[in-house]
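So this block is structure.cif, mmCIF, C-alpha atoms:
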data_coords
loop_
_atom_site.label_atom_id
_atom_site.label_comp_id
_atom_site.auth_asym_id
_atom_site.auth_seq_id
_atom_site.Cartn_x
_atom_site.Cartn_y
_atom_site.Cartn_z
CA MET A 50 27.99 -13.22 -21.30
CA ARG A 51 29.29 -16.74 -21.97
CA GLU A 52 27.64 -19.86 -20.67
CA PRO A 53 29.08 -20.91 -17.32
CA ASP A 54 31.78 -23.55 -17.28
CA PHE A 55 31.08 -25.36 -14.03
CA ASN A 56 34.13 -27.63 -14.27
CA THR A 57 36.42 -24.60 -14.45
CA LEU A 58 34.50 -23.05 -11.56
CA ALA A 59 35.10 -26.17 -9.43
CA THR A 60 38.82 -26.07 -10.22
CA ARG A 61 39.04 -22.37 -9.38
CA LEU A 62 37.22 -22.87 -6.08
CA LEU A 63 39.61 -25.66 -5.08
CA ARG A 64 42.62 -23.56 -6.12
CA ASN A 65 41.31 -20.77 -3.86
CA GLY A 66 41.36 -23.12 -0.90
CA ILE A 67 37.63 -23.90 -0.69
CA SER A 68 37.10 -27.30 0.90
CA PRO A 69 36.23 -29.98 -1.67
CA ARG A 70 32.89 -30.66 0.06
CA HIS A 71 31.72 -27.04 -0.24
CA ALA A 72 33.16 -26.62 -3.73
CA ARG A 73 31.39 -29.74 -5.00
CA ARG A 74 28.09 -28.82 -3.38
CA ALA A 75 28.19 -25.18 -4.51
CA VAL A 76 28.88 -26.21 -8.10
CA ASN A 77 26.01 -28.74 -8.05
CA GLU A 78 23.63 -26.16 -6.59
CA LEU A 79 24.74 -23.52 -9.10
CA ARG A 80 24.28 -25.96 -11.96
CA ASP A 81 20.73 -26.73 -10.79
CA HIS A 82 20.05 -23.01 -10.30
CA TYR A 83 21.27 -22.32 -13.83
CA ASP A 84 19.00 -25.08 -15.20
CA ASP A 85 16.04 -23.56 -13.31
CA LEU A 86 16.83 -20.13 -14.78
CA VAL A 87 17.04 -21.59 -18.28
CA ASP A 88 13.70 -23.39 -17.80
CA ALA A 89 12.08 -20.19 -16.51
CA ALA A 90 13.38 -18.17 -19.49
CA VAL A 91 12.15 -20.84 -21.94
CA ASP A 92 8.73 -20.80 -20.23
CA GLU A 93 8.64 -17.04 -20.79
CA GLY A 94 9.15 -17.61 -24.51
CA ALA A 95 12.91 -17.22 -25.00
CA ASN A 96 14.64 -19.58 -27.42
CA SER A 97 17.17 -22.04 -26.06
CA LYS A 98 20.29 -19.97 -26.81
CA THR A 99 18.83 -16.71 -25.47
CA ALA A 100 17.54 -18.55 -22.38
CA ARG A 101 21.02 -19.93 -21.64
CA LEU A 102 22.70 -16.54 -22.06
CA GLN A 103 20.06 -14.82 -19.92
CA ALA A 104 20.44 -17.49 -17.24
CA ALA A 105 24.23 -17.08 -17.23
CA SER A 106 23.83 -13.33 -16.83
CA GLU A 107 21.42 -13.68 -13.90
CA LEU A 108 23.60 -16.26 -12.19
CA GLY A 109 26.54 -13.83 -12.09
CA THR A 110 30.11 -13.97 -13.31
CA MET A 111 32.47 -16.76 -12.35
CA ASP A 112 34.83 -14.15 -10.88
CA ASP A 113 32.10 -12.89 -8.53
CA LEU A 114 31.17 -16.41 -7.48
CA VAL A 115 34.76 -17.40 -6.78
CA ALA A 116 35.46 -14.12 -4.94
CA GLU A 117 32.34 -14.52 -2.76
CA MET A 118 33.23 -18.10 -1.82
CA ALA A 119 36.89 -17.24 -1.24
CA SER A 120 35.98 -14.34 1.04
CA ARG A 121 34.41 -16.76 3.52
CA ARG A 122 37.06 -18.27 5.73
CA GLU A 123 34.71 -20.87 7.18
CA LEU A 124 34.29 -22.51 3.76
CA LYS A 125 38.02 -23.11 3.32
CA THR A 126 40.04 -26.21 4.12
CA TRP A 127 41.46 -26.30 7.63
CA ALA A 128 44.98 -25.90 6.23
CA LYS A 129 43.92 -22.58 4.69
CA ARG A 130 42.12 -21.51 7.86
CA TYR A 131 45.04 -22.34 10.12
CA PRO A 132 48.15 -22.10 7.90
CA GLN A 133 50.60 -21.80 10.80
CA LEU A 134 49.20 -24.94 12.39
CA ALA A 135 49.29 -26.76 9.05
CA VAL A 136 52.98 -25.94 8.66
CA VAL A 137 53.67 -27.72 11.97
CA VAL A 138 51.15 -30.56 11.73
CA TYR A 139 51.79 -31.68 8.16
CA PRO A 140 55.51 -32.55 8.58
CA ILE A 141 54.79 -34.34 11.88
CA ALA A 142 51.95 -36.29 10.29
CA CYS A 143 54.26 -37.23 7.41
CA LEU A 144 56.94 -38.43 9.83
CA VAL A 145 54.39 -40.61 11.64
CA VAL A 146 52.80 -41.97 8.48
CA LEU A 147 55.99 -42.54 6.47
CA PRO A 148 57.15 -45.75 8.25
CA ALA A 149 53.67 -47.20 7.83
CA MET A 150 53.53 -46.38 4.12
CA PRO A 151 54.49 -49.91 2.94
CA VAL A 152 51.51 -51.26 4.89
CA PHE A 153 49.14 -48.70 3.36
CA VAL A 154 50.52 -49.38 -0.11
CA GLY A 155 50.10 -53.12 0.48
CA ILE A 156 46.49 -52.62 1.55
CA ALA A 157 45.82 -50.37 -1.43
CA ASN A 158 47.30 -52.95 -3.84
CA ARG A 159 46.11 -56.02 -1.97
CA THR A 160 44.68 -57.78 -5.05
CA ALA A 161 47.97 -57.63 -6.92
CA LEU A 162 49.86 -58.52 -3.76
CA ILE A 163 47.71 -61.62 -3.11
CA ARG A 164 48.04 -62.72 -6.76
CA TRP A 165 51.80 -62.25 -6.66
CA SER A 166 52.10 -64.15 -3.33
CA ALA A 167 49.96 -67.01 -4.66
CA SER A 168 52.11 -67.26 -7.81
CA LEU A 169 55.29 -67.29 -5.73
CA LEU A 170 53.86 -69.98 -3.43
CA ALA A 171 52.78 -72.14 -6.40
CA ALA A 172 56.22 -71.78 -8.00
CA GLY A 173 57.87 -72.73 -4.69
CA LEU A 174 55.65 -75.80 -4.37
CA VAL A 175 56.39 -76.97 -7.93
CA THR A 176 60.13 -76.52 -7.34
CA ALA A 177 59.94 -78.43 -4.04
CA VAL A 178 58.04 -81.30 -5.67
CA LEU A 179 60.56 -81.47 -8.52
CA MET A 180 63.46 -81.48 -6.04
CA LEU A 181 61.75 -84.22 -4.05
CA VAL A 182 61.22 -86.34 -7.16
CA MET A 183 64.87 -85.91 -8.17
CA GLN A 184 66.01 -86.76 -4.64
CA LEU A 185 63.85 -89.88 -4.54
CA SER A 186 65.05 -90.99 -7.96
CA ILE A 187 68.66 -90.73 -6.74
CA VAL A 188 67.99 -92.53 -3.43
CA LEU A 189 65.77 -95.28 -4.88
CA GLY A 190 67.44 -95.62 -8.25
CA MET B 158 18.86 -7.98 -16.23
CA ALA B 159 18.38 -7.54 -12.50
CA GLN B 160 20.94 -5.27 -10.91
CA SER B 161 22.78 -6.86 -8.08
CA ASN B 162 23.65 -5.07 -4.87
CA PRO B 163 27.16 -6.17 -4.09
CA PRO B 164 28.79 -6.24 -0.72
CA PHE B 165 26.69 -3.21 0.38
CA MET B 166 24.78 -4.96 2.47
CA SER B 167 26.81 -7.25 4.56
CA GLY B 168 24.25 -8.70 6.89
CA VAL B 169 21.18 -7.90 4.81
CA PRO B 170 21.18 -11.04 2.62
CA GLU B 171 21.70 -13.02 5.81
CA LEU B 172 18.76 -11.29 7.49
CA LEU B 173 16.49 -11.85 4.49
CA LEU B 174 17.47 -15.50 4.15
CA LEU B 175 16.92 -16.21 7.83
CA ARG B 176 13.59 -14.38 7.75
CA LEU B 177 12.32 -16.40 4.76
CA LEU B 178 13.62 -19.70 6.08
CA ASN B 179 11.91 -19.00 9.39
CA GLU B 180 8.61 -19.63 7.61
CA GLN B 181 9.44 -22.74 5.60
CA GLU B 182 12.33 -24.72 4.18
CA MET B 183 13.45 -23.66 0.71
CA TYR B 184 16.16 -24.30 -1.86
CA GLY B 185 18.44 -21.68 -3.42
CA TYR B 186 16.46 -20.79 -6.54
CA GLU B 187 13.25 -20.60 -4.54
CA LEU B 188 14.94 -18.32 -2.01
CA VAL B 189 16.16 -15.88 -4.67
CA ARG B 190 12.65 -15.69 -6.19
CA SER B 191 11.16 -15.14 -2.72
CA ILE B 192 13.64 -12.36 -1.91
CA LYS B 193 12.78 -10.59 -5.16
CA GLN B 194 9.09 -11.00 -4.48
CA ALA B 195 9.23 -10.05 -0.80
CA THR B 196 11.27 -6.90 -1.47
CA GLY B 197 9.36 -5.87 -4.59
CA GLU B 198 12.57 -6.50 -6.56
CA ALA B 199 14.19 -3.61 -4.65
CA ILE B 200 16.86 -6.07 -3.58
CA SER B 201 18.16 -8.40 -6.26
CA LEU B 202 21.07 -10.53 -5.27
CA GLY B 203 23.55 -11.73 -7.89
CA GLU B 204 21.81 -15.08 -7.85
CA GLY B 205 24.85 -17.30 -7.54
CA VAL B 206 26.25 -15.54 -4.51
CA ILE B 207 23.41 -16.81 -2.37
CA TYR B 208 25.13 -20.20 -2.02
CA PRO B 209 28.25 -19.00 -0.21
CA VAL B 210 25.93 -17.20 2.25
CA LEU B 211 23.83 -20.33 2.75
CA HIS B 212 26.88 -22.57 3.19
CA SER B 213 28.38 -20.08 5.59
CA LEU B 214 25.21 -19.92 7.70
CA GLU B 215 25.04 -23.70 7.75
CA ARG B 216 28.67 -23.94 8.80
CA LYS B 217 27.94 -21.54 11.67
CA GLY B 218 25.00 -23.69 12.76
CA SER B 219 22.22 -21.24 11.85
CA LEU B 220 20.87 -23.47 9.08
CA LYS B 221 20.59 -27.15 8.40
CA SER B 222 20.15 -28.74 4.99
CA ARG B 223 18.71 -31.89 3.54
CA ARG B 224 18.71 -33.32 0.03
CA LYS B 225 15.41 -34.02 -1.62
CA PRO B 226 14.94 -35.47 -5.11
CA VAL B 227 12.47 -33.36 -7.13
CA ARG B 228 11.66 -34.08 -10.78
CA GLY B 229 14.99 -35.75 -11.52
CA ARG B 230 17.07 -33.15 -9.66
CA THR B 231 18.42 -33.34 -6.14
CA ARG B 232 17.49 -30.11 -4.40
CA VAL B 233 19.25 -28.99 -1.25
CA TYR B 234 16.59 -27.61 1.08
CA TYR B 235 17.63 -25.29 3.89
CA SER B 236 15.80 -24.71 7.15
CA LEU B 237 16.41 -22.71 10.32
CA THR B 238 17.89 -24.15 13.51
CA LYS B 239 17.37 -22.86 17.05
CA LYS B 240 20.66 -20.97 16.72
CA GLY B 241 19.40 -19.52 13.43
CA ARG B 242 16.22 -18.24 15.09
CA ASP B 243 18.31 -16.55 17.79
CA ARG B 244 20.53 -15.04 15.10
CA LEU B 245 17.45 -13.79 13.23
CA GLU B 246 16.15 -12.14 16.37
CA LYS B 247 19.47 -10.40 16.94
CA LEU B 248 19.76 -9.22 13.33
CA ARG B 249 16.16 -8.04 13.37
CA ASN B 250 16.82 -5.95 16.48
CA ASP B 251 20.05 -4.56 15.02
CA TRP B 252 18.28 -3.65 11.80
CA SER B 253 15.39 -1.93 13.64
CA ARG B 254 17.90 0.07 15.69
CA ILE B 255 19.81 1.16 12.56
CA GLN B 256 16.59 1.91 10.71
CA SER B 257 15.22 4.12 13.49
CA GLY B 258 18.63 5.79 13.85
CA VAL B 259 18.76 6.63 10.15
CA ALA B 260 15.12 7.77 10.19
CA THR B 261 15.86 10.05 13.13
CA ALA B 262 18.96 11.44 11.39
CA LEU B 263 17.03 12.06 8.17
CA GLY B 264 14.23 13.73 10.15
CA THR B 265 16.73 15.96 11.93
CA ALA B 266 18.46 16.80 8.66
CA SER B 267 15.20 17.70 6.90
CA ASN B 268 14.08 19.85 9.86
CA ALA B 269 17.38 21.73 9.96
#
structure tokens encoding of this file:
Amino acid sequence: MREPDFNTLATRLLRNGISPRHARRAVNELRDHYDDLVDAAVDEGANSKTARLQAASELGTMDDLVAEMASRRELKTWAKRYPQLAVVVYPIACLVVLPAMPVFVGIANRTALIRWSASLLAAGLVTAVLMLVMQLSIVLG
Amino acid sequence: MAQSNPPFMSGVPELLLLRLLNEQEMYGYELVRSIKQATGEAISLGEGVIYPVLHSLERKGSLKSRRKPVRGRTRVYYSLTKKGRDRLEKLRNDWSRIQSGVATALGTASNA
């Protein structure tokens, strides 16, 4: 048996509709469990490679782990638990949120927006001062 | 390698987990070891599949969890809630009923 690829496991869990919270936690717990199994095998005298392979075998196959998680409806995202509701709610939520998107984008990019506004203001001020100087030179000169 | 007992036993891993957690809080690896020990290795779960069961029980309110740093690792310790104790009682009664039913059936069959 190959050593477990926990990143692939996380991706597969998410693709199977497991909520990110449960997927992340399960992968972390499995990783710790695997490390404990490796440590136990090493303590019993196995070399590092054998210990890792033995631990992977005891942990179970990725297919079994994904299937077991996916068989539990309560661990899935709400959209997977209530697909009919999601079909109705998502478009409505999008319609509500869409007009407010510029505000959200502005908040998300506030640093760039502030910098850009400050530059524009400074440029406006310089232009106004130059215009004023030119105006005064015409009037007074 | 320990042989796992796949979906045979819907309900049995849950019963064993609740029973063990009724005594003290434990984390996943510790629970698997305890199940092996408590059942004389008669029941060996595919070790990884314990986590979906634990998460599921927590989601249903039978368990609660807390994180605890131990030797550089963050363990998730599970313990029983009031709802979990009620669930354990129910499963224990169900199991006793089934067990005595099967024992009666086997007794009848061997006497026939």
(message) With 10 Å as the limit and counting all atoms listed in the file, what residues in chain A lie close to chain B? Please list them as JSON, numbers by chain.
(response) {"A": [71, 72, 74, 75, 76, 77, 78, 79, 80, 81, 82, 83, 84, 85, 86, 103, 104, 105, 106, 107, 108, 109, 110, 111, 113, 114, 115, 116, 117, 118, 119, 120, 121, 122, 123, 124]}
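Nearest-residue note for Ser219 in chain B: choosing from B:Ala195, B:Met183, B:Leu175, B:Ile255, the minimum distance belongs to B:Leu175, counting all atoms listed in the file.
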Counting only C-alpha atoms, what is within 9 Å of Lys125 in chain A, bar same-chain residues fewer than 5 positions away, as a compact mmCIF listing (two decimals) with C-alpha atoms, in the coordinates of the input?
# COMPACT_ATOMS: atom_id res chain seq x y z
CA LEU A 63 39.61 -25.66 -5.08
CA ASN A 65 41.31 -20.77 -3.86
CA GLY A 66 41.36 -23.12 -0.90
CA ILE A 67 37.63 -23.90 -0.69
CA SER A 68 37.10 -27.30 0.90
CA PRO A 69 36.23 -29.98 -1.67
CA HIS A 71 31.72 -27.04 -0.24
CA MET A 118 33.23 -18.10 -1.82
CA ALA A 119 36.89 -17.24 -1.24
CA ARG A 130 42.12 -21.51 7.86
(request) Please provide as a PyMOL selection string all residues within 9 Å of Leu172 in chain B, with the sequence filter that same-chain residues fewer than 2 positions apart are discarded (counting all atoms listed in the file). (result) chain B and resi 168-170+174-177+244-245+248-249+252
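Distance-wise, CA of Lys239 in chain B and CA of Leu188 in chain B end up 19.7 Å apart.
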(request) Have a look at CA of Arg70 in chain A and CA of Leu220 in chain B and let me know their distance in Å, one decimal. (result) 16.7 Å
(request) Counting all atoms listed in the file, figure out which residue out of B:Arg190, B:Ser257, B:Glu182, B:Glu171 gets nearest to Ala89 in chain A. (result) B:Arg190
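Atom pair CA of Val152 in chain A / CA of Ser166 in chain A: separated by 15.3 Å.
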(message) Quick check on the file I pasted: which residues fall under the PyMOL selection byres ((chain A and resi 99) around 12)? Write them as JSON, numbers by chain.
(response) {"A": [50, 51, 52, 86, 87, 88, 89, 90, 91, 93, 94, 95, 96, 97, 98, 100, 101, 102, 103, 104, 105, 106]}
Can you spit out the residues from that selection as a PDB file, in the coordinates of the input, using C-alpha atoms?
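Saved as part_7.pdb:
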ATOM      1  CA  MET A  50      27.990 -13.220 -21.300  1.00  0.00           C
ATOM      2  CA  ARG A  51      29.290 -16.740 -21.970  1.00  0.00           C
ATOM      3  CA  GLU A  52      27.640 -19.860 -20.670  1.00  0.00           C
ATOM      4  CA  LEU A  86      16.830 -20.130 -14.780  1.00  0.00           C
ATOM      5  CA  VAL A  87      17.040 -21.590 -18.280  1.00  0.00           C
ATOM      6  CA  ASP A  88      13.700 -23.390 -17.800  1.00  0.00           C
ATOM      7  CA  ALA A  89      12.080 -20.190 -16.510  1.00  0.00           C
ATOM      8  CA  ALA A  90      13.380 -18.170 -19.490  1.00  0.00           C
ATOM      9  CA  VAL A  91      12.150 -20.840 -21.940  1.00  0.00           C
ATOM     10  CA  GLU A  93       8.640 -17.040 -20.790  1.00  0.00           C
ATOM     11  CA  GLY A  94       9.150 -17.610 -24.510  1.00  0.00           C
ATOM     12  CA  ALA A  95      12.910 -17.220 -25.000  1.00  0.00           C
ATOM     13  CA  ASN A  96      14.640 -19.580 -27.420  1.00  0.00           C
ATOM     14  CA  SER A  97      17.170 -22.040 -26.060  1.00  0.00           C
ATOM     15  CA  LYS A  98      20.290 -19.970 -26.810  1.00  0.00           C
ATOM     16  CA  ALA A 100      17.540 -18.550 -22.380  1.00  0.00           C
ATOM     17  CA  ARG A 101      21.020 -19.930 -21.640  1.00  0.00           C
ATOM     18  CA  LEU A 102      22.700 -16.540 -22.060  1.00  0.00           C
ATOM     19  CA  GLN A 103      20.060 -14.820 -19.920  1.00  0.00           C
ATOM     20  CA  ALA A 104      20.440 -17.490 -17.240  1.00  0.00           C
ATOM     21  CA  ALA A 105      24.230 -17.080 -17.230  1.00  0.00           C
ATOM     22  CA  SER A 106      23.830 -13.330 -16.830  1.00  0.00           C
TER      23      SER A 106
END
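Nearest to Glu180 in chain B of all the residues B:Gly197, B:Arg228, B:Arg242, B:Arg223 is B:Arg242, based on only C-alpha atoms.
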Assuming 3 Å of padding per side, give the centre and edge lengths of the axis-aligned box around every listed atom of range 195-211 of chain B, in Å to one decimal and as JSON.
{"center_x": 18.7, "center_y": -12.0, "center_z": -2.6, "size_x": 25.0, "size_y": 22.7, "size_z": 16.6}
